[in-house]
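Visitor: One structure, as structure tokens, below. Some questions next.
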Amino acid sequence: MNIDLLRLRNGIDKKILVNTNYSFSEEQLKGTDLSKLDDVHIEGEITLNALNEIYLNLEVSGVMIIPCAITLKPVSYPFDIIIEGDLSEIHEESLENTEKCINSLDILPIIWENILMEIPMRVVSDDIDTTNMHGDGWRLITDDVENTNPELSKLKDLLQDSEVR
């Protein structure tokens with residue numbers, strides 16, 4: 001997604017408007033937790049700031065498809081990202097190894113890096129029934145711990161006593 005910056009740098013245009021949709025291929029998604037990432041909407045503008053540096057102001061939104069942490073069924077996870085800042089700062093933060101060109105800018109690596117940071121560590125489907133999650137020698141442990149170790153409960157009492165003092 002190369003953008004020509006020559007007209008902006010020469011003062012012919014005040015800003016470059018970006019309004020496009022992009023679908024990531026299976027090859028691009030390889031090695032990530034994403035199953036599918038289609039119709040990512042990218043909207044915003046690229047301008048020059050007071051110091052004649054490239055300034056990005058982009059909004060990236062879409063729906064990523066991630067497997068459920070329990071059932072591995074696909075779960076839709078909406079996201080909305082604001083990318084704002086000087087291009088030099090953005091390059092320092094996320095794109096140290098990319099090729100820098102004066103007259104054109106590929107915004108796809110910047111967008112991809114920000115999308116990767118938005119992937120949640122764990123997603124659970126809303127329609128899952130966790131009441132019957134057990135089998136031969138295993139059971140699903142939720143955040144509610146029913147049986148606590150009596151030795152650990154003594155430590156808990158000890159911590160409460162020290163907070164009182």
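Identifiers in the structure tokens: chain A, B, ... in order shown; residue index from 1 per chain; ligand index from 1 in order shown.
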Name the residues of region 2-102 of chain A that fall into alpha helix (DSSP H) according to DSSP on the backbone, using the chain letters and numbers of this document, as a ChimeraX atom specification.

Guide: /A:6-9,26-29,87-94

Visitor: Which polymer residues have any atom within 10 Å of an atom of Val18 (chain A), counting only C-alpha atoms, with same-chain residues fewer than 4 positions away left out, as a compact mmCIF listing (two decimals) with N, CA and C atoms, in the first residue's frame?

Guide:
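File produced: result-v3.txt:
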# COMPACT_ATOMS: atom_id res chain seq x y z
N ILE A 3 2.22 4.89 -0.84
CA ILE A 3 1.65 6.22 -1.02
C ILE A 3 2.76 7.15 -1.50
N HIS A 41 -10.77 -1.51 7.38
CA HIS A 41 -11.00 -0.16 6.85
C HIS A 41 -9.93 0.78 7.39
N ILE A 42 -9.26 1.48 6.48
CA ILE A 42 -8.20 2.42 6.83
C ILE A 42 -8.62 3.79 6.33
N GLU A 43 -8.72 4.73 7.27
CA GLU A 43 -9.17 6.07 6.92
C GLU A 43 -8.34 7.08 7.69
N GLY A 44 -7.99 8.17 7.03
CA GLY A 44 -7.25 9.22 7.70
C GLY A 44 -6.52 10.10 6.70
N GLU A 45 -5.46 10.73 7.21
CA GLU A 45 -4.71 11.64 6.36
C GLU A 45 -3.24 11.63 6.73
N ILE A 46 -2.43 11.99 5.74
CA ILE A 46 -1.00 12.13 5.91
C ILE A 46 -0.67 13.57 5.58
N ASN A 57 -2.17 10.38 10.66
CA ASN A 57 -3.36 10.38 11.49
C ASN A 57 -4.34 9.41 10.83
N LEU A 58 -4.29 8.14 11.27
CA LEU A 58 -5.08 7.09 10.64
C LEU A 58 -5.96 6.39 11.66
N GLU A 59 -7.12 5.95 11.21
CA GLU A 59 -7.99 5.11 12.02
C GLU A 59 -8.16 3.80 11.27

Visitor: Write out as an MDAnalysis selection string all residues of region 41-79 of chain A that backbone DSSP assigns to strand (DSSP E).

Guide: chainID A and resid 41:48 54:67 74:79

Visitor: Just write the chosen residues, N, CA and C atoms, as a JSON list (two decimals), in the first residue's frame.

Guide:
[["chain", "number", "residue", "atom", "x", "y", "z"],
["A", 41, "HIS", "N", -10.77, -1.51, 7.38],
["A", 41, "HIS", "CA", -11.00, -0.16, 6.85],
["A", 41, "HIS", "C", -9.93, 0.78, 7.39],
["A", 42, "ILE", "N", -9.26, 1.48, 6.48],
["A", 42, "ILE", "CA", -8.20, 2.42, 6.83],
["A", 42, "ILE", "C", -8.62, 3.79, 6.33],
["A", 43, "GLU", "N", -8.72, 4.73, 7.27],
["A", 43, "GLU", "CA", -9.17, 6.07, 6.92],
["A", 43, "GLU", "C", -8.34, 7.08, 7.69],
["A", 44, "GLY", "N", -7.99, 8.17, 7.03],
["A", 44, "GLY", "CA", -7.25, 9.22, 7.70],
["A", 44, "GLY", "C", -6.52, 10.10, 6.70],
["A", 45, "GLU", "N", -5.46, 10.73, 7.21],
["A", 45, "GLU", "CA", -4.71, 11.64, 6.36],
["A", 45, "GLU", "C", -3.24, 11.63, 6.73],
["A", 46, "ILE", "N", -2.43, 11.99, 5.74],
["A", 46, "ILE", "CA", -1.00, 12.13, 5.91],
["A", 46, "ILE", "C", -0.67, 13.57, 5.58],
["A", 47, "THR", "N", -0.02, 14.27, 6.49],
["A", 47, "THR", "CA", 0.30, 15.68, 6.30],
["A", 47, "THR", "C", 1.76, 15.93, 6.68],
["A", 48, "LEU", "N", 2.17, 17.17, 6.51],
["A", 48, "LEU", "CA", 3.47, 17.62, 6.99],
["A", 48, "LEU", "C", 3.23, 18.47, 8.22],
["A", 54, "ILE", "N", 6.76, 14.05, 8.09],
["A", 54, "ILE", "CA", 5.52, 13.36, 7.73],
["A", 54, "ILE", "C", 4.76, 13.03, 9.01],
["A", 55, "TYR", "N", 3.49, 13.39, 9.05],
["A", 55, "TYR", "CA", 2.63, 13.15, 10.21],
["A", 55, "TYR", "C", 1.46, 12.27, 9.78],
["A", 56, "LEU", "N", 1.27, 11.15, 10.49],
["A", 56, "LEU", "CA", 0.18, 10.22, 10.19],
["A", 56, "LEU", "C", -0.96, 10.39, 11.18],
["A", 57, "ASN", "N", -2.17, 10.38, 10.66],
["A", 57, "ASN", "CA", -3.36, 10.38, 11.49],
["A", 57, "ASN", "C", -4.34, 9.41, 10.83],
["A", 58, "LEU", "N", -4.29, 8.14, 11.27],
["A", 58, "LEU", "CA", -5.08, 7.09, 10.64],
["A", 58, "LEU", "C", -5.96, 6.39, 11.66],
["A", 59, "GLU", "N", -7.12, 5.95, 11.21],
["A", 59, "GLU", "CA", -7.99, 5.11, 12.02],
["A", 59, "GLU", "C", -8.16, 3.80, 11.27],
["A", 60, "VAL", "N", -7.84, 2.71, 11.95],
["A", 60, "VAL", "CA", -7.92, 1.38, 11.37],
["A", 60, "VAL", "C", -8.97, 0.60, 12.14],
["A", 61, "SER", "N", -9.96, 0.07, 11.43],
["A", 61, "SER", "CA", -11.03, -0.67, 12.11],
["A", 61, "SER", "C", -11.39, -1.91, 11.29],
["A", 62, "GLY", "N", -11.93, -2.88, 11.99],
["A", 62, "GLY", "CA", -12.33, -4.11, 11.33],
["A", 62, "GLY", "C", -12.71, -5.16, 12.34],
["A", 63, "VAL", "N", -12.82, -6.38, 11.86],
["A", 63, "VAL", "CA", -13.15, -7.52, 12.70],
["A", 63, "VAL", "C", -12.14, -8.63, 12.42],
["A", 64, "MET", "N", -11.45, -9.05, 13.47],
["A", 64, "MET", "CA", -10.51, -10.17, 13.33],
["A", 64, "MET", "C", -11.20, -11.44, 13.81],
["A", 65, "ILE", "N", -10.90, -12.54, 13.14],
["A", 65, "ILE", "CA", -11.45, -13.84, 13.51],
["A", 65, "ILE", "C", -10.34, -14.61, 14.24],
["A", 66, "ILE", "N", -10.63, -14.99, 15.51],
["A", 66, "ILE", "CA", -9.67, -15.65, 16.37],
["A", 66, "ILE", "C", -10.31, -16.93, 16.89],
["A", 67, "PRO", "N", -9.55, -18.01, 17.04],
["A", 67, "PRO", "CA", -10.15, -19.23, 17.60],
["A", 67, "PRO", "C", -10.43, -19.08, 19.08],
["A", 74, "PRO", "N", -14.36, -20.36, 15.63],
["A", 74, "PRO", "CA", -14.03, -18.97, 15.28],
["A", 74, "PRO", "C", -14.87, -17.96, 16.07],
["A", 75, "VAL", "N", -14.20, -16.93, 16.57],
["A", 75, "VAL", "CA", -14.85, -15.86, 17.33],
["A", 75, "VAL", "C", -14.52, -14.53, 16.64],
["A", 76, "SER", "N", -15.54, -13.73, 16.42],
["A", 76, "SER", "CA", -15.33, -12.39, 15.84],
["A", 76, "SER", "C", -14.94, -11.42, 16.94],
["A", 77, "TYR", "N", -13.86, -10.68, 16.71],
["A", 77, "TYR", "CA", -13.37, -9.72, 17.69],
["A", 77, "TYR", "C", -13.16, -8.37, 16.99],
["A", 78, "PRO", "N", -14.06, -7.40, 17.21],
["A", 78, "PRO", "CA", -13.91, -6.11, 16.55],
["A", 78, "PRO", "C", -12.77, -5.29, 17.17],
["A", 79, "PHE", "N", -12.14, -4.47, 16.34],
["A", 79, "PHE", "CA", -11.07, -3.61, 16.82],
["A", 79, "PHE", "C", -11.15, -2.25, 16.13]]

Visitor: Looking at A:Ile115, A:Ile110, A:Leu6, A:Cys68, which one is nearest to Ile128 (chain A), with distances taken over only C-alpha atoms?

Guide: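 Answer, going by the shortest atom-to-atom distance: A:Cys68.
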
Visitor: I'd like the interatomic distance between CA of Asp39 (chain A) and CA of Ser23 (chain A), to a tenth of an Å.

Guide: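 Separation of CA of Asp39 (chain A) and CA of Ser23 (chain A): 5.0 Å.
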
Visitor: Calculated over only C-alpha atoms, which of the candidates A:Val123, A:Leu152, A:Leu116, A:Ile12 has the smallest distance to Leu37 (chain A)?

Guide: A:Leu116

Visitor: Can you measure CA of Met1 (chain A) to CA of Asn21 (chain A) for me? One decimal in Å is fine.

Guide: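 According to the coordinates, CA of Met1 (chain A) and CA of Asn21 (chain A) are separated by 10.7 Å.
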
Visitor: Could you tell me how far CA of Glu84 (chain A) sits from CA of Gly11 (chain A), in Å to one decimal place?

Guide: 21.4 Å

Visitor: Nearest to Asn114 (chain A) among A:Asp4, A:Glu27, A:Asp80, A:Asp157, with distances taken over only C-alpha atoms: which residue is it?

Guide: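 Smallest distance to Asn114 (chain A) is found for A:Asp80.
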
Visitor: When distances are computed from only C-alpha atoms, which of A:Asp136, A:Glu151, A:Asp106, A:Glu113 shows the smallest separation from Gln28 (chain A)?

Guide: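 Of all the options, A:Glu113 lies closest to Gln28 (chain A).
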
Visitor: Determine the nearest neighbour of Met133 (chain A) from the options A:Glu118, A:Pro109, A:Ile70, A:Asp13, counting only C-alpha atoms.

Guide: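 Under the stated criterion, the closest residue is A:Ile70.
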
Visitor: Residues near Glu53 (chain A), anyone? I mean within 8 Å using only C-alpha atoms, not counting same-chain ones fewer than 6 positions away, as number ranges by chain.

Guide: A: 86-88

Visitor: Residues within 8 Å of Arg122 (chain A), please, as a list of chain:residue names. Count only C-alpha atoms; anything in the same chain fewer than 2 positions from it doesn't count.

Guide: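 Skipping anything fewer than 2 positions along the chain leaves A:Cys68, A:Ala69, A:Pro120, A:Val124.
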